[in-house]
>>> print(open('work-v2.csv').read())   # CSV, C-alpha atoms
chain,number,residue,atom,x,y,z
J,1,MET,CA,89.5,97.2,91.2
J,2,MET,CA,90.0,100.3,89.0
J,3,ASP,CA,93.3,100.8,87.2
J,4,GLU,CA,94.0,104.1,89.0
J,5,GLU,CA,93.8,102.2,92.3
J,6,MET,CA,96.5,99.8,91.3
J,7,GLU,CA,99.2,102.5,90.7
J,8,VAL,CA,102.1,101.8,93.1
J,9,ASN,CA,104.1,104.7,94.4
J,10,GLU,CA,107.9,103.9,94.2
J,11,ASN,CA,108.5,105.6,97.6
J,12,VAL,CA,107.4,103.3,100.3
J,13,LYS,CA,105.8,105.3,103.2
J,14,LYS,CA,105.1,104.3,106.7
J,15,VAL,CA,101.4,104.3,107.3
J,16,MET,CA,99.8,103.5,110.7
J,17,PHE,CA,96.1,102.6,111.2
J,18,VAL,CA,94.9,103.3,114.7
J,19,MET,CA,91.9,101.2,115.6
J,20,ARG,CA,90.1,102.9,118.5
J,21,LYS,CA,86.6,101.7,118.4
J,22,ALA,CA,84.7,98.4,119.3
J,23,PRO,CA,83.9,96.3,116.3
J,24,HIS,CA,80.2,96.9,116.6
J,25,GLY,CA,78.2,99.9,117.7
J,26,SER,CA,79.8,102.1,115.0
J,27,ILE,CA,81.1,101.4,111.6
J,28,TYR,CA,84.6,102.9,112.3
J,29,SER,CA,86.2,99.5,112.9
J,30,TYR,CA,84.7,97.7,109.9
J,31,GLU,CA,85.2,100.4,107.3
J,32,GLY,CA,88.6,101.1,108.8
J,33,LEU,CA,89.6,97.5,108.1
J,34,GLU,CA,88.4,98.0,104.5
J,35,THR,CA,90.9,100.9,104.2
J,36,VAL,CA,93.7,98.7,105.5
J,37,LEU,CA,93.0,96.0,102.9
J,38,ILE,CA,92.9,98.6,100.1
J,39,THR,CA,96.0,100.4,101.2
J,40,ALA,CA,97.9,97.1,101.3
J,41,ALA,CA,97.6,97.0,97.5
J,42,TYR,CA,99.8,100.0,97.4
J,43,GLU,CA,102.7,98.1,99.1
J,44,GLN,CA,103.4,100.6,101.8
J,45,ASP,CA,105.0,99.9,105.2
J,46,MET,CA,101.8,99.4,107.1
J,47,THR,CA,101.2,99.1,110.8
J,48,MET,CA,97.9,98.4,112.7
J,49,VAL,CA,97.6,99.4,116.3
J,50,PHE,CA,94.6,98.5,118.5
J,51,VAL,CA,94.0,100.9,121.4
J,52,GLY,CA,91.1,101.5,123.8
J,53,ASP,CA,87.9,99.7,122.8
J,54,GLY,CA,89.6,98.9,119.5
J,55,VAL,CA,91.2,95.8,121.1
J,56,PHE,CA,87.7,94.2,121.2
J,57,ALA,CA,87.8,94.0,117.4
J,58,LEU,CA,90.3,91.1,117.6
J,59,VAL,CA,88.5,89.0,120.2
J,60,LYS,CA,88.0,85.5,118.8
J,61,GLY,CA,84.8,83.6,118.8
J,62,GLN,CA,82.6,86.6,118.1
J,63,ASP,CA,79.1,85.7,117.1
J,64,THR,CA,77.1,88.6,115.6
J,65,THR,CA,74.0,86.5,114.9
J,66,ASP,CA,71.9,88.0,117.7
J,67,ILE,CA,72.6,91.6,116.8
J,68,GLY,CA,71.9,91.0,113.1
J,69,ILE,CA,75.1,92.5,111.9
J,70,LYS,CA,77.6,90.9,109.5
J,71,GLY,CA,80.7,89.9,111.5
J,72,PHE,CA,84.1,90.5,110.1
J,73,ILE,CA,86.5,88.9,112.6
J,74,LYS,CA,87.5,86.4,110.0
J,75,THR,CA,88.8,89.2,107.8
J,76,TYR,CA,91.6,89.8,110.2
J,77,GLY,CA,92.9,86.3,109.4
J,78,ALA,CA,93.4,87.5,105.8
J,79,LEU,CA,95.8,90.4,106.9
J,80,GLU,CA,98.9,88.2,106.7
J,81,HIS,CA,98.0,87.4,103.0
J,82,TYR,CA,98.0,91.1,102.4
J,83,ASP,CA,101.5,91.4,104.0
J,84,VAL,CA,100.1,93.4,106.9
J,85,GLU,CA,102.3,91.8,109.6
J,86,LYS,CA,102.9,94.7,112.1
J,87,ILE,CA,99.8,94.3,114.3
J,88,TYR,CA,100.2,95.7,117.8
J,89,VAL,CA,97.9,95.9,120.8
J,90,ASP,CA,98.3,98.4,123.6
J,91,ARG,CA,99.0,96.5,126.8
J,92,VAL,CA,97.0,98.7,129.1
J,93,SER,CA,94.0,98.8,126.8
J,94,MET,CA,94.1,95.0,126.7
J,95,GLU,CA,94.5,94.5,130.4
J,96,GLU,CA,91.9,97.1,131.4
J,97,ARG,CA,89.4,95.0,129.4
J,98,GLY,CA,90.4,91.7,131.0
J,99,LEU,CA,91.9,90.4,127.9
J,100,THR,CA,95.1,88.5,127.2
J,101,PRO,CA,96.8,87.7,123.8
J,102,ASP,CA,95.2,84.2,124.0
J,103,ASP,CA,91.8,85.9,123.6
J,104,PHE,CA,92.7,87.2,120.1
J,105,ALA,CA,91.8,85.6,116.8
J,106,ILE,CA,95.2,86.4,115.3
J,107,ASP,CA,98.8,86.7,116.5
J,108,VAL,CA,99.6,90.1,117.8
J,109,GLU,CA,102.5,91.8,119.5
J,110,VAL,CA,101.6,93.6,122.8
J,111,LYS,CA,103.3,96.9,123.2
J,112,GLU,CA,103.6,99.6,125.8
J,113,ALA,CA,102.0,103.0,125.2
J,114,GLU,CA,105.5,104.6,125.0
J,115,GLU,CA,106.5,102.1,122.3
J,116,ILE,CA,103.4,102.9,120.3
J,117,ALA,CA,104.0,106.6,120.7
J,118,ALA,CA,107.5,106.2,119.4
J,119,LEU,CA,106.2,104.2,116.4
J,120,MET,CA,103.7,107.0,115.7
J,121,GLU,CA,106.6,109.5,115.6
J,122,GLU,CA,108.1,107.4,112.8
J,123,GLN,CA,105.0,107.4,110.5
J,124,HIS,CA,104.5,109.3,107.4
J,125,ALA,CA,100.7,109.2,108.1
J,126,THR,CA,98.6,108.0,111.0
J,127,ILE,CA,95.0,107.2,110.1
J,128,PRO,CA,92.6,106.9,113.1
J,129,TYR,CA,89.4,104.8,112.9
G,1,MET,CA,103.0,121.8,102.3
G,2,LYS,CA,100.7,119.3,100.7
G,3,PHE,CA,97.7,118.3,102.9
G,4,ALA,CA,95.3,115.5,102.4
G,5,VAL,CA,92.0,115.7,104.3
G,6,GLN,CA,89.7,112.9,105.4
G,7,VAL,CA,86.2,113.6,106.7
G,8,LEU,CA,84.5,110.8,108.6
G,9,GLU,CA,81.3,112.4,109.9
G,10,ALA,CA,78.1,113.7,108.3
G,11,PRO,CA,77.5,117.4,108.2
G,12,TYR,CA,75.5,119.3,111.0
G,13,ASN,CA,75.4,116.2,113.3
G,14,ASN,CA,79.0,116.7,114.0
G,15,GLN,CA,81.4,119.6,113.7
G,16,ALA,CA,83.9,117.6,111.6
G,17,SER,CA,82.7,119.0,108.2
G,18,ASP,CA,82.8,122.6,109.5
G,19,THR,CA,86.3,122.2,110.9
G,20,ALA,CA,87.6,120.5,107.8
G,21,TYR,CA,86.2,123.4,105.7
G,22,HIS,CA,87.8,126.1,107.8
G,23,PHE,CA,91.1,124.2,108.0
G,24,ILE,CA,91.2,123.9,104.2
G,25,LYS,CA,90.4,127.6,103.7
G,26,ALA,CA,93.1,128.6,106.2
G,27,ALA,CA,95.6,126.2,104.6
G,28,LEU,CA,94.9,127.6,101.1
G,29,ASP,CA,95.2,131.2,102.4
G,30,LYS,CA,98.6,130.3,103.8
G,31,GLY,CA,99.7,129.0,100.3
G,32,HIS,CA,99.5,125.3,101.1
G,33,THR,CA,98.2,122.7,98.7
G,34,ILE,CA,95.2,120.4,99.3
G,35,VAL,CA,95.9,117.1,97.5
G,36,ARG,CA,92.4,115.8,97.9
G,37,VAL,CA,89.5,115.7,100.3
G,38,PHE,CA,88.1,112.2,100.9
G,39,PHE,CA,84.7,111.5,102.5
G,40,TYR,CA,84.5,108.2,104.3
G,41,HIS,CA,82.1,106.6,106.9
G,42,ASN,CA,79.1,109.0,107.3
G,43,GLY,CA,81.3,111.7,105.8
G,44,VAL,CA,80.0,110.7,102.4
G,45,VAL,CA,76.7,112.4,103.3
G,46,ASN,CA,78.6,115.7,102.7
G,47,ALA,CA,78.2,114.9,99.0
G,48,ASN,CA,74.4,114.5,99.1
G,49,ASN,CA,72.9,117.0,96.7
G,50,SER,CA,69.3,116.7,97.8
G,51,ALA,CA,69.8,118.4,101.2
G,52,GLU,CA,68.2,121.8,101.7
G,53,PRO,CA,69.4,123.3,105.0
G,54,PRO,CA,67.6,126.4,106.3
G,55,ASN,CA,68.7,129.7,104.7
G,56,ASP,CA,69.6,131.3,108.0
G,57,ASP,CA,72.5,128.9,108.6
G,58,ARG,CA,75.6,127.9,106.8
G,59,ASN,CA,75.2,125.6,103.8
G,60,ILE,CA,77.8,122.9,104.3
G,61,TYR,CA,77.1,121.3,100.9
G,62,LYS,CA,77.7,124.5,99.0
G,63,ARG,CA,81.0,124.9,100.7
G,64,TRP,CA,82.2,121.7,99.0
G,65,THR,CA,81.0,123.1,95.7
G,66,GLU,CA,83.0,126.3,96.4
G,67,LEU,CA,86.1,124.3,97.2
G,68,GLY,CA,85.7,121.8,94.4
G,69,LYS,CA,84.4,123.9,91.6
G,70,GLU,CA,85.8,127.3,92.3
G,71,LYS,CA,89.1,126.4,94.0
G,72,GLY,CA,89.6,123.3,91.9
G,73,ILE,CA,90.1,120.9,94.8
G,74,ASP,CA,89.6,117.2,94.2
G,75,ILE,CA,86.8,116.1,96.5
G,76,VAL,CA,85.9,112.4,96.6
G,77,ALA,CA,83.2,110.4,98.3
G,78,CYS,CA,84.1,106.7,98.8
G,79,ILE,CA,81.9,104.6,96.5
G,80,ALA,CA,81.3,101.7,98.9
G,81,ALA,CA,80.5,104.0,101.8
G,82,SER,CA,78.2,106.0,99.5
G,83,LYS,CA,76.3,103.0,98.2
G,84,ARG,CA,75.7,101.9,101.8
G,85,ARG,CA,74.2,105.3,102.6
G,86,GLY,CA,72.2,106.1,99.4
G,87,ILE,CA,74.6,108.6,97.9
G,88,LYS,CA,74.7,108.0,94.1
G,89,GLU,CA,76.4,109.2,91.0
G,90,GLY,CA,74.4,111.9,89.4
G,91,GLN,CA,72.9,112.9,92.8
G,92,ILE,CA,76.0,114.4,94.3
G,93,VAL,CA,77.0,117.9,95.2
G,94,GLU,CA,78.6,119.8,92.3
G,95,GLY,CA,82.4,119.9,92.6
G,96,THR,CA,82.6,116.4,94.2
G,97,ARG,CA,82.9,113.0,92.7
G,98,ILE,CA,82.5,109.3,93.7
G,99,SER,CA,85.5,106.9,93.5
G,100,GLY,CA,87.2,104.1,95.3
G,101,LEU,CA,89.1,103.8,98.6
G,102,GLY,CA,92.3,103.7,96.5
G,103,GLN,CA,91.9,107.5,96.3
G,104,LEU,CA,92.4,107.6,100.1
G,105,ALA,CA,95.5,105.4,100.0
G,106,ASP,CA,96.8,107.4,97.1
G,107,MET,CA,96.4,110.8,98.7
G,108,THR,CA,97.9,109.5,102.0
G,109,ILE,CA,101.0,108.5,100.2
G,110,GLU,CA,101.2,111.7,98.1
G,111,ALA,CA,100.6,114.3,100.8
G,112,ASP,CA,103.0,115.6,103.4
G,113,ARG,CA,100.3,115.4,106.0
G,114,LEU,CA,97.0,113.6,106.3
G,115,ILE,CA,94.5,115.3,108.5
G,116,THR,CA,91.4,113.4,109.7
G,117,PHE,CA,88.2,115.2,110.8
G,118,GLY,CA,85.7,113.1,112.7
>>> encode(input="work-v2.csv", output="structure tokens")
Amino acid sequence: MMDEEMEVNENVKKVMFVMRKAPHGSIYSYEGLETVLITAAYEQDMTMVFVGDGVFALVKGQDTTDIGIKGFIKTYGALEHYDVEKIYVDRVSMEERGLTPDDFAIDVEVKEAEEIAALMEEQHATIPY
Amino acid sequence: MKFAVQVLEAPYNNQASDTAYHFIKAALDKGHTIVRVFFYHNGVVNANNSAEPPNDDRNIYKRWTELGKEKGIDIVACIAASKRRGIKEGQIVEGTRISGLGQLADMTIEADRLITFG
């Protein structure tokens, strides 16, 4: 990593990453996760929210062999080592897709849309992927 | 106000690059500051200097040169995303540069507002 990327701002800001897309079919989810990992090095107050098809990114047991794409579900397991601990899933998005928290590869907190909206209000920046 | 701008889509295929450009121009006209423009995902294609769009339409690539070279705005294409898509150092649009994702985190922290196009 380059030196300039390791500079840490003294002022901790709230930054929310909104994961909106399914893990495969576009690169948004994968490259979005890369951004989360890099931003973690800046020791900000980070939150990840999974909404819409974004919730599929967390489903455990994904096997990408047949689609010939490198899977990255295991990377989510590393988030806790990056001190990214605020990981939320929109309840309606989850239920509409027939999922429960047991289907996810990592521990998440299920939140109502209103709660997520209130969290968004608190953020310094919201980054959609 | 200090704005940071993220562009996630390639030019022409999607309006994101056009809208980002017009937003930046309008913000500058109003006296605001652009901390940095960051190209990510297919947005890095905005920095491809080998493109030759038809003369009877806008040249999106030259717009970045206008903002980067003439207006002095820092315009960065993500290195990992660039490598994935064949955008290379020495073959990028004048007024832009290639650097790491840390530049995105950095501008997000520094700016008052981060605006994403795409």
>>> residues_near_point(input="work-v2.csv", point="(94.9, 100.7, 123.4)", cutoff="7 Å", atoms="all atoms listed in the file", output="ChimeraX atom specification")
/J:50-52,54-55,89-94
>>> closest_residue(input="work-v2.csv", among="G:Gly95, G:Gly68, G:Gly43, G:Pro54", to="chain J", atoms="all atoms listed in the file")
G:Gly43
>>> closest_residue(input="work-v2.csv", among="G:Ile115, G:Ile92, G:Val7, G:Leu28", to="Ala51 in chain G", atoms="all atoms listed in the file")
G:Ile92
>>> interface_residues(input="work-v2.csv", of="chain G", to="chain J", cutoff="10 Å", atoms="all atoms listed in the file", output="ChimeraX atom specification")
/G:6,8,40-42,80-81,99-106,108-118
>>> write_last_selection(input="work-v2.csv", atoms="C-alpha atoms", output="short mmCIF file (atom, residue, chain, number, x, y, z; two decimals), in the coordinates of the input")
data_model
loop_
_atom_site.label_atom_id
_atom_site.label_comp_id
_atom_site.auth_asym_id
_atom_site.auth_seq_id
_atom_site.Cartn_x
_atom_site.Cartn_y
_atom_site.Cartn_z
CA GLN G 6 89.70 112.90 105.40
CA LEU G 8 84.50 110.80 108.60
CA TYR G 40 84.50 108.20 104.30
CA HIS G 41 82.10 106.60 106.90
CA ASN G 42 79.10 109.00 107.30
CA ALA G 80 81.30 101.70 98.90
CA ALA G 81 80.50 104.00 101.80
CA SER G 99 85.50 106.90 93.50
CA GLY G 100 87.20 104.10 95.30
CA LEU G 101 89.10 103.80 98.60
CA GLY G 102 92.30 103.70 96.50
CA GLN G 103 91.90 107.50 96.30
CA LEU G 104 92.40 107.60 100.10
CA ALA G 105 95.50 105.40 100.00
CA ASP G 106 96.80 107.40 97.10
CA THR G 108 97.90 109.50 102.00
CA ILE G 109 101.00 108.50 100.20
CA GLU G 110 101.20 111.70 98.10
CA ALA G 111 100.60 114.30 100.80
CA ASP G 112 103.00 115.60 103.40
CA ARG G 113 100.30 115.40 106.00
CA LEU G 114 97.00 113.60 106.30
CA ILE G 115 94.50 115.30 108.50
CA THR G 116 91.40 113.40 109.70
CA PHE G 117 88.20 115.20 110.80
CA GLY G 118 85.70 113.10 112.70
#
>>> closest_residue(input="work-v2.csv", among="J:Lys74, J:Ile87, J:Leu99, J:Asp66", to="Lys111 in chain J", atoms="only C-alpha atoms")
J:Ile87
>>> closest_residue(input="work-v2.csv", among="G:Pro53, G:Phe38, G:Lys88, G:Met107", to="Val76 in chain G", atoms="all atoms listed in the file")
G:Phe38
>>> atom_distance(input="work-v2.csv", atom1="CA of Ile79 in chain G", atom2="CA of Asn59 in chain G")
23.2 Å
>>> atom_distance(input="work-v2.csv", atom1="CA of Leu67 in chain G", atom2="CA of Glu52 in chain G")
18.6 Å
>>> residues_around(input="work-v2.csv", residues="Ile106 in chain J", least_positions_apart="6", cutoff="10 Å", atoms="all atoms listed in the file", output="PyMOL selection string")
chain J and resi 58-60+73-74+76-80+87
>>> residues_around(input="work-v2.csv", residues="Ala77 in chain G", least_positions_apart="5", cutoff="6 Å", atoms="all atoms listed in the file", output="list in words")
Phe38, Phe39, Val44 and Ile98 of chain G
>>> write_last_selection(input="work-v2.csv", atoms="C-alpha atoms", output="PDB file, keeping the file's coordinate frame")
ATOM      1  CA  PHE G  38      88.100 112.200 100.900  1.00  0.00           C
ATOM      2  CA  PHE G  39      84.700 111.500 102.500  1.00  0.00           C
ATOM      3  CA  VAL G  44      80.000 110.700 102.400  1.00  0.00           C
ATOM      4  CA  ILE G  98      82.500 109.300  93.700  1.00  0.00           C
TER       5      ILE G  98
END
>>> atom_distance(input="work-v2.csv", atom1="CA of Asp18 in chain G", atom2="CA of Val5 in chain G")
12.6 Å
>>> closest_residue(input="work-v2.csv", among="J:His24, J:Met16, J:Gly61, J:Leu33", to="Asp102 in chain J", atoms="only C-alpha atoms")
J:Gly61
>>> closest_residue(input="work-v2.csv", among="G:Ala26, G:Val37, G:Ala20, G:Ala10", to="Gly72 in chain G", atoms="only C-alpha atoms")
G:Val37
>>> residues_around(input="work-v2.csv", residues="Ile87 in chain G", least_positions_apart="4", cutoff="7 Å", atoms="only C-alpha atoms", output="number ranges by chain")
G: 45, 48, 82-83, 91-92
>>> decode(input="work-v2.csv", residues="range 77-96 of chain G", atoms="N, CA, C and O atoms", output="PDB file, in the first residue's frame")
ATOM      1  N   ALA G  77      -8.080   7.871 -11.627  1.00  0.00           N
ATOM      2  CA  ALA G  77      -8.682   6.583 -11.975  1.00  0.00           C
ATOM      3  C   ALA G  77      -8.099   5.527 -11.041  1.00  0.00           C
ATOM      4  O   ALA G  77      -6.885   5.476 -10.838  1.00  0.00           O
ATOM      5  N   CYS G  78      -8.951   4.686 -10.491  1.00  0.00           N
ATOM      6  CA  CYS G  78      -8.494   3.631  -9.574  1.00  0.00           C
ATOM      7  C   CYS G  78      -7.553   2.676 -10.300  1.00  0.00           C
ATOM      8  O   CYS G  78      -7.860   2.197 -11.401  1.00  0.00           O
ATOM      9  N   ILE G  79      -6.428   2.376  -9.691  1.00  0.00           N
ATOM     10  CA  ILE G  79      -5.422   1.550 -10.368  1.00  0.00           C
ATOM     11  C   ILE G  79      -5.888   0.103 -10.560  1.00  0.00           C
ATOM     12  O   ILE G  79      -5.696  -0.470 -11.640  1.00  0.00           O
ATOM     13  N   ALA G  80      -6.524  -0.468  -9.558  1.00  0.00           N
ATOM     14  CA  ALA G  80      -6.965  -1.865  -9.686  1.00  0.00           C
ATOM     15  C   ALA G  80      -8.066  -1.979 -10.737  1.00  0.00           C
ATOM     16  O   ALA G  80      -8.053  -2.885 -11.581  1.00  0.00           O
ATOM     17  N   ALA G  81      -9.017  -1.042 -10.693  1.00  0.00           N
ATOM     18  CA  ALA G  81     -10.107  -1.048 -11.673  1.00  0.00           C
ATOM     19  C   ALA G  81      -9.564  -0.769 -13.077  1.00  0.00           C
ATOM     20  O   ALA G  81     -10.047  -1.320 -14.070  1.00  0.00           O
ATOM     21  N   SER G  82      -8.532   0.076 -13.171  1.00  0.00           N
ATOM     22  CA  SER G  82      -7.921   0.395 -14.468  1.00  0.00           C
ATOM     23  C   SER G  82      -7.214  -0.808 -15.061  1.00  0.00           C
ATOM     24  O   SER G  82      -7.355  -1.123 -16.242  1.00  0.00           O
ATOM     25  N   LYS G  83      -6.452  -1.492 -14.233  1.00  0.00           N
ATOM     26  CA  LYS G  83      -5.727  -2.678 -14.712  1.00  0.00           C
ATOM     27  C   LYS G  83      -6.692  -3.729 -15.232  1.00  0.00           C
ATOM     28  O   LYS G  83      -6.433  -4.394 -16.233  1.00  0.00           O
ATOM     29  N   ARG G  84      -7.797  -3.855 -14.537  1.00  0.00           N
ATOM     30  CA  ARG G  84      -8.805  -4.839 -14.932  1.00  0.00           C
ATOM     31  C   ARG G  84      -9.379  -4.522 -16.316  1.00  0.00           C
ATOM     32  O   ARG G  84      -9.872  -5.414 -17.018  1.00  0.00           O
ATOM     33  N   ARG G  85      -9.341  -3.246 -16.688  1.00  0.00           N
ATOM     34  CA  ARG G  85     -10.003  -2.824 -17.930  1.00  0.00           C
ATOM     35  C   ARG G  85      -9.033  -2.281 -18.983  1.00  0.00           C
ATOM     36  O   ARG G  85      -9.454  -1.648 -19.952  1.00  0.00           O
ATOM     37  N   GLY G  86      -7.749  -2.494 -18.781  1.00  0.00           N
ATOM     38  CA  GLY G  86      -6.779  -2.110 -19.814  1.00  0.00           C
ATOM     39  C   GLY G  86      -6.447  -0.637 -19.880  1.00  0.00           C
ATOM     40  O   GLY G  86      -5.947  -0.152 -20.887  1.00  0.00           O
ATOM     41  N   ILE G  87      -6.730   0.087 -18.820  1.00  0.00           N
ATOM     42  CA  ILE G  87      -6.363   1.498 -18.763  1.00  0.00           C
ATOM     43  C   ILE G  87      -5.004   1.575 -18.073  1.00  0.00           C
ATOM     44  O   ILE G  87      -4.861   1.104 -16.944  1.00  0.00           O
ATOM     45  N   LYS G  88      -4.011   2.137 -18.772  1.00  0.00           N
ATOM     46  CA  LYS G  88      -2.641   2.081 -18.261  1.00  0.00           C
ATOM     47  C   LYS G  88      -1.998   3.450 -18.140  1.00  0.00           C
ATOM     48  O   LYS G  88      -2.305   4.359 -18.913  1.00  0.00           O
ATOM     49  N   GLU G  89      -1.065   3.510 -17.190  1.00  0.00           N
ATOM     50  CA  GLU G  89      -0.224   4.694 -17.031  1.00  0.00           C
ATOM     51  C   GLU G  89       0.427   5.001 -18.379  1.00  0.00           C
ATOM     52  O   GLU G  89       0.885   4.100 -19.066  1.00  0.00           O
ATOM     53  N   GLY G  90       0.465   6.276 -18.757  1.00  0.00           N
ATOM     54  CA  GLY G  90       1.064   6.644 -20.035  1.00  0.00           C
ATOM     55  C   GLY G  90       0.074   6.584 -21.184  1.00  0.00           C
ATOM     56  O   GLY G  90       0.350   7.047 -22.288  1.00  0.00           O
ATOM     57  N   GLN G  91      -1.077   5.983 -20.936  1.00  0.00           N
ATOM     58  CA  GLN G  91      -2.115   5.910 -21.981  1.00  0.00           C
ATOM     59  C   GLN G  91      -3.419   6.500 -21.458  1.00  0.00           C
ATOM     60  O   GLN G  91      -4.511   6.056 -21.834  1.00  0.00           O
ATOM     61  N   ILE G  92      -3.276   7.455 -20.554  1.00  0.00           N
ATOM     62  CA  ILE G  92      -4.491   8.035 -19.977  1.00  0.00           C
ATOM     63  C   ILE G  92      -4.669   9.483 -20.421  1.00  0.00           C
ATOM     64  O   ILE G  92      -3.730  10.149 -20.851  1.00  0.00           O
ATOM     65  N   VAL G  93      -5.885   9.925 -20.318  1.00  0.00           N
ATOM     66  CA  VAL G  93      -6.281  11.262 -20.740  1.00  0.00           C
ATOM     67  C   VAL G  93      -5.454  12.316 -19.984  1.00  0.00           C
ATOM     68  O   VAL G  93      -5.238  12.197 -18.771  1.00  0.00           O
ATOM     69  N   GLU G  94      -4.997  13.316 -20.738  1.00  0.00           N
ATOM     70  CA  GLU G  94      -4.222  14.396 -20.131  1.00  0.00           C
ATOM     71  C   GLU G  94      -5.059  15.082 -19.036  1.00  0.00           C
ATOM     72  O   GLU G  94      -6.252  15.339 -19.233  1.00  0.00           O
ATOM     73  N   GLY G  95      -4.418  15.340 -17.912  1.00  0.00           N
ATOM     74  CA  GLY G  95      -5.146  15.981 -16.810  1.00  0.00           C
ATOM     75  C   GLY G  95      -5.729  14.991 -15.822  1.00  0.00           C
ATOM     76  O   GLY G  95      -6.368  15.383 -14.852  1.00  0.00           O
ATOM     77  N   THR G  96      -5.524  13.683 -16.087  1.00  0.00           N
ATOM     78  CA  THR G  96      -5.961  12.663 -15.135  1.00  0.00           C
ATOM     79  C   THR G  96      -4.731  11.885 -14.659  1.00  0.00           C
ATOM     80  O   THR G  96      -3.660  12.004 -15.237  1.00  0.00           O
TER      81      THR G  96
END
